[in-house]
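Peer 1: One structure is given below, represented as structure tokens, and several questions about it will come after.
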Amino acid sequence: MGKGKTKKAQGQTPLMRQYYKIKDRHPHAILLFRMGDFYETFDADAKTVSQVLGITLTKRANGKAQDVPLAGFPHHALDNYLPKLVTAGLRVAICEQLEDPKMARTIVKRGVIEVVTPGISFHDQLLNPKRANYLAAVCWGRERSDKGWAGVAFLDASTGEFSVTEVPAEQVDALLQTIAPAEVLVDKRQRGEVQELRFQDYLLSPQEDWVFGYDFAYETLLRHFQTHSLKGYGVEDLKLGLVAAGAALYYVGDTQKGKLPHIRRIQRFRSDDFMALDPQTKRNLELVASMQHGGQEGTLVQILDATLTPMGGRLLRKWLVRPLRTVDNIEKRLEAVDALVTSPRMREHLRTELGEVGDLERLAAKVATNRAMPRDMVHLKLTLKQIPKLKSLLHDEACDTLRKLGDNLTLCTDVVERIERALVDEPPALVGQGGLFREGYHDALDELRHIATSAKDWVARMQQKESERTGITSLKVGFNKVFGYYLEVTNAHKDKVPDDFIRKQTLVNSERYITPELKEYEEKILTAEEKMASLEQQLFDELRMAVAEETTALQLNASYLAMLDCLASLAYTAERNQYVRPEVHDGTELSIEEGRHPVVEQTLPAGEPFIPNSVNLDPDGEQILVITGPNMAGKSVVLRQTGLIVLLAQVGSFVPAAKARIGVVDRIFTRVGASDNLAAGESTFLVEMNETANILNNATARSLILLDEVGRGTSTFDGLSIAWALVEYLHEAPELAARTLFATHYHELNELANRYPRVRNYRIQVQEHDGKVIFLRKLIPGGADHSYGIEVARMAGLPEPVIQRAKEVLRQLESQHLVVEEASDPAHGDGIPSRSAQPVAATIDEPDFQMSLFTAAPDPVAEQLKDTLRSLDLNRMTPIEALMKLDELRRLVEG
């Protein structure tokens, strides 16, 4: 809060002076200021918290200074309110009391123990068990040597995963879409680079320029990893990447007050190892988020995720957005999945044991950062106790991948035995509540516990003894927080009270007394409870530190268990949904027999079958399939299912098909659906052309391109011309001869198959019955000559007069004849287009085309305009000549 320093005015209370001093160190965070049993916020923070949490805004007196706004909540409600603040995009600094108020001579010492941000949190309430919570940092190159490049680092503080890479600047957005960070750090000097990207999906955290300095970042990394260089991690040459990594590590360390021992290594993220998926493709294929509402319903991950552990769920999401490109690596996963599919008993035993495994990855991070609570330690023990069973299960497995995963698991016997010996099976949630350690674990603790737990027996004996000594049968021993233990005597027996009773309190019907013996035992009990709580904390800290020494082994176990969980999940899904093992190879042939859409087939109404379809693509033969058919017939489903089957195969999963032979693709490109980007001032058509341009500029001969209705965002003939030229371009450019599915409602494109040898026509089969259209959902060879758009409009419920008028207009339009001239390139005498080729020209040879729709009689001016336009050779006109001709036509119209 920028006003903090100015508010240190005369007359403020010492408490508020302390608050503003701490707030000045965290100006961009909401400061939760611990005061006794409450977290309080003041000034602008209080107003924000009041609005976000819906709690009452009040005022607090500030000495002679003006009153300040105040909003607070009980400290035990932090787990309820903190997620709401962070979800609202706020950073929250948690300020605790650092000493016992009873021991403070003046104002209680306070300090910020952690800053929680969307990208950095260890609180379970803020973390999705099945999703990583990444903080990313981006550093764009400024020097001549690295201009056009960017370093990207991403770190999950809750698990210790830390990766770094460098990519061309134009690929930063796509990489971030793959990582899906909750927060992104940028150098505040690089506003221009940030503005060029669409960062609306992330919380941006601009940092000071020195945080993004190379020397500072490099020293931060060396100091953390305690090494002389970073060569051992294979990242020494990534100058921009190391700047981003150092910035990320410093930011996490600053917010967590240096508690980062679980971040043990930094690894190089090699994008070449994975299939490239741009943001549009991930969105269009709905891998992990639905296009409709952004949730998980109706996505590929929802169908595939049968994982039983949180870390397995997180890894599966990574696999889906990072498919493999190397046949050997793909085959290793496929072999493991195959082994578990063909051995149901092994798979079920494996899944049964994994079902008892907790989130070892995040538990290890909690232990290493001193955040683990008693129940976390017990969950960690129970997870580790599953490892011997898993190792035994996989010991004789024939599949190398599965057997090696089992062999690599570490038993961590010492950790299990230590926790087992120390903690009870069902410990309290917090340390200090008593009953945490087993009896016999520590002699001094047992003695203190005996004193504390024997109090009831002692009180009963004391009450009986004093009742017999005094003859007061109604005498009782009681306890309250104000007076401690006391003896209560009713007024009817006051005359029997002995001299050694010391009166402490007078009530309406009784008197309360104490004795030296009673006070002595009270001191013993209360001291024992305090000592017991202190000793339990000390013993628990020692236990936690001992377990933290095994962090590396715990993290490796977590990674192996996650892999086993993913492989078992893929096998379970394959058998449940009747998937088959694909044949993956380094060639370019792509053959899918009776393929199915993995999501659509699971979401059809009960009893409605999914109609499978076959697709064959080969750059040497059937390179481009032009798929025609009416809207709603299923063209888009065929495109998407092809992309998903290829992606699943390269993930290492079985696929929904009767048979599949997949030549590895380097990238999947999709142009599916229409959408506006109004915030950026982009129309549907501009978005469509941007995405199409991205495909043409980045696809290779090993890519898979899925195009759906390209050109529909503009006028019919503009769109048709663009679609026609696009197919020609994909066919004729050798470096771009990618396998392509082109779905379109322009049935005129069927003519391309007659002109180009590697273009094939397919259509979605329909049947007309009693004037109605029946969609058969079947892909068959041949082109459609009718779009059935009006019948689809009828099905949608358009009024009958609109339908009839549409038919009249359609008849007139269909009476026109489309003439497509051969494309030519001055640099090529053979009429074959290259990357510089001009698009084909589409003209209409009917003289009264379209004018007859809107005019009752011929118009002389209109006829003259048409004659003039027909005579123009646009390919030979210069821009100046075109402008002059346009001015001449304008004067003709104006008379």
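Note on naming: chains are A, B, ... as they come in the structure tokens, residues start from 1 per chain, ligands start from 1 in the order shown.
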Taking the backbone alone, and naming residues the way the document does, which bits of range 645-767 of chain A are strand (DSSP E) by DSSP, as JSON, numbers by chain?

Peer 2: {"A": [659, 660, 661, 662, 663, 667, 668, 669, 670, 671, 704, 705, 706, 707, 708, 739, 740, 741, 742, 743, 744, 759, 760, 761, 762, 763, 764, 765, 766, 767]}

Peer 1: Name the residues in contact with Asp396 in chain A at a cut-off of 10 Å, using only C-alpha atoms, excluding same-chain residues fewer than 6 positions from it; report them as a PyMOL selection string.

Peer 2: chain A and resi 402-403+406

Peer 1: Please compute the CA of Gly440 in chain A-CA of Glu420 in chain A distance, one decimal, in Å.

Peer 2: 12.5 Å

Peer 1: Give me, as CSV, each residue of range 396-515 of chain A that comes within 7 Å of range 366-381 of chain A, together with its shortest interatomic pair and the distance in Å at one decimal, counting only C-alpha atoms, with rows ordered by chain and rising residue number.

Peer 2:
residue,atom,partner,partner_atom,distance
A:Val416,CA,A:Lys381,CA,5.3
A:Ile419,CA,A:Lys381,CA,6.6
A:Pro427,CA,A:Arg375,CA,6.2
A:Pro428,CA,A:Pro374,CA,6.9
A:Ala429,CA,A:Arg375,CA,6.2
A:Leu430,CA,A:Met373,CA,6.3
A:Val431,CA,A:Pro374,CA,6.9

Peer 1: Give me a file of those residues, with all heavy atoms, as a compact mmCIF listing (two decimals), in the first residue's frame.

Peer 2:
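Written out: part-v3.txt:
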# COMPACT_ATOMS: atom_id res chain seq x y z
N VAL A 416 9.47 -45.44 7.04
CA VAL A 416 8.24 -46.12 7.47
C VAL A 416 8.34 -46.54 8.93
O VAL A 416 7.43 -46.29 9.74
CB VAL A 416 7.97 -47.35 6.59
CG1 VAL A 416 6.78 -48.15 7.12
CG2 VAL A 416 7.71 -46.93 5.15
N ILE A 419 8.26 -43.44 11.42
CA ILE A 419 6.93 -42.86 11.62
C ILE A 419 6.03 -43.85 12.36
O ILE A 419 5.27 -43.47 13.25
CB ILE A 419 6.30 -42.48 10.26
CG1 ILE A 419 7.15 -41.41 9.56
CG2 ILE A 419 4.88 -41.96 10.46
CD1 ILE A 419 6.68 -41.07 8.15
N PRO A 427 -3.67 -39.73 14.49
CA PRO A 427 -3.20 -38.60 15.29
C PRO A 427 -4.15 -37.41 15.19
O PRO A 427 -5.00 -37.34 14.29
CB PRO A 427 -1.86 -38.27 14.65
CG PRO A 427 -2.03 -38.66 13.22
CD PRO A 427 -2.91 -39.89 13.24
N PRO A 428 -4.01 -36.45 16.10
CA PRO A 428 -4.81 -35.21 15.99
C PRO A 428 -4.36 -34.42 14.77
O PRO A 428 -3.29 -34.65 14.20
CB PRO A 428 -4.48 -34.48 17.30
CG PRO A 428 -3.14 -35.00 17.71
CD PRO A 428 -3.11 -36.44 17.26
N ALA A 429 -5.19 -33.44 14.37
CA ALA A 429 -4.88 -32.65 13.18
C ALA A 429 -3.66 -31.77 13.39
O ALA A 429 -2.87 -31.56 12.46
CB ALA A 429 -6.09 -31.79 12.80
N LEU A 430 -3.46 -31.27 14.62
CA LEU A 430 -2.38 -30.33 14.90
C LEU A 430 -1.49 -30.84 16.02
O LEU A 430 -1.92 -31.59 16.90
CB LEU A 430 -2.94 -28.96 15.28
CG LEU A 430 -3.86 -28.29 14.25
CD1 LEU A 430 -4.46 -27.01 14.84
CD2 LEU A 430 -3.10 -27.98 12.96
N VAL A 431 -0.23 -30.40 15.99
CA VAL A 431 0.69 -30.71 17.07
C VAL A 431 0.28 -29.88 18.29
O VAL A 431 -0.14 -28.73 18.16
CB VAL A 431 2.14 -30.38 16.67
CG1 VAL A 431 3.11 -30.75 17.78
CG2 VAL A 431 2.50 -31.08 15.38

Peer 1: Please tabulate, as CSV, the residues of range 107-222 of chain A that come within 10 Å of range 22-26 of chain A, each with its closest pair of atoms and the distance in Å to one decimal, counting only C-alpha atoms and ordering rows by chain, then residue number upward.

Peer 2:
residue,atom,partner,partner_atom,distance
A:Arg110,CA,A:Ile22,CA,8.5
A:Gly111,CA,A:Ile22,CA,7.3
A:Val112,CA,A:Ile22,CA,7.8
A:Val115,CA,A:His26,CA,9.0

Peer 1: Just how far from CA of Leu70 in chain A is CA of Glu40 in chain A, in Å to one decimal?

Peer 2: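 Computing the Euclidean distance for CA of Glu40 in chain A and CA of Leu70 in chain A yields 6.9 Å.
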
Peer 1: With range 641-648 of chain A as the partner and 12 Å as the cut-off, tabulate the residues of range 679-709 of chain A that qualify, each row holding the nearest pair of atoms and their distance in Å to one decimal, using only C-alpha atoms, sorted by chain and rising number, as a tab-separated table.

Peer 2:
residue	atom	partner	partner_atom	distance
A:Ser703	CA	A:Gly643	CA	10.9
A:Leu704	CA	A:Gly643	CA	7.7
A:Ile705	CA	A:Gly643	CA	8.6
A:Leu706	CA	A:Gly643	CA	7.5
A:Leu707	CA	A:Gly643	CA	11.0

Peer 1: Keeping N, CA, C and O atoms, export the residues of the selection given above as a compact mmCIF listing (two decimals), in the first residue's frame.

Peer 2:
# COMPACT_ATOMS: atom_id res chain seq x y z
N SER A 703 3.23 -32.97 -40.76
CA SER A 703 2.13 -32.49 -39.92
C SER A 703 0.81 -33.13 -40.33
O SER A 703 0.69 -33.72 -41.41
N LEU A 704 -0.16 -32.99 -39.45
CA LEU A 704 -1.54 -33.37 -39.75
C LEU A 704 -2.38 -32.11 -39.66
O LEU A 704 -2.38 -31.43 -38.63
N ILE A 705 -3.09 -31.78 -40.76
CA ILE A 705 -3.87 -30.55 -40.83
C ILE A 705 -5.35 -30.91 -40.92
O ILE A 705 -5.76 -31.70 -41.78
N LEU A 706 -6.14 -30.31 -40.04
CA LEU A 706 -7.58 -30.54 -40.01
C LEU A 706 -8.28 -29.21 -40.22
O LEU A 706 -8.23 -28.33 -39.35
N LEU A 707 -8.90 -29.03 -41.37
CA LEU A 707 -9.54 -27.77 -41.73
C LEU A 707 -11.04 -27.98 -41.85
O LEU A 707 -11.49 -28.86 -42.59

Peer 1: Could you tell me which of A:Asp666, A:Asp425, A:Glu691, A:Asp565 comes closest to Pro323 in chain A if we count only C-alpha atoms?

Peer 2: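 For Pro323 in chain A, the nearest of the given residues is A:Asp666.
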
Peer 1: Quick check, in Å to one decimal: how far apart do CA of Ala244 in chain A and CA of Val164 in chain A lie?

Peer 2: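 For CA of Ala244 in chain A relative to CA of Val164 in chain A, the distance reads 7.9 Å.
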
Peer 1: Applying 9 Å and only C-alpha atoms, which residues near range 407-412 of chain A remain after dropping the ones on its own chain fewer than 6 positions away? List them as a list of chain:residue names.

Peer 2: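 The neighbour list is A:Leu384, A:Lys385, A:Ile387, A:Pro388, A:Leu390, A:Lys391, A:Leu394, A:His395, A:Glu550, A:Ala553, A:Leu554, A:Leu556, A:Asn557, A:Ala558, A:Tyr560, A:Leu561.
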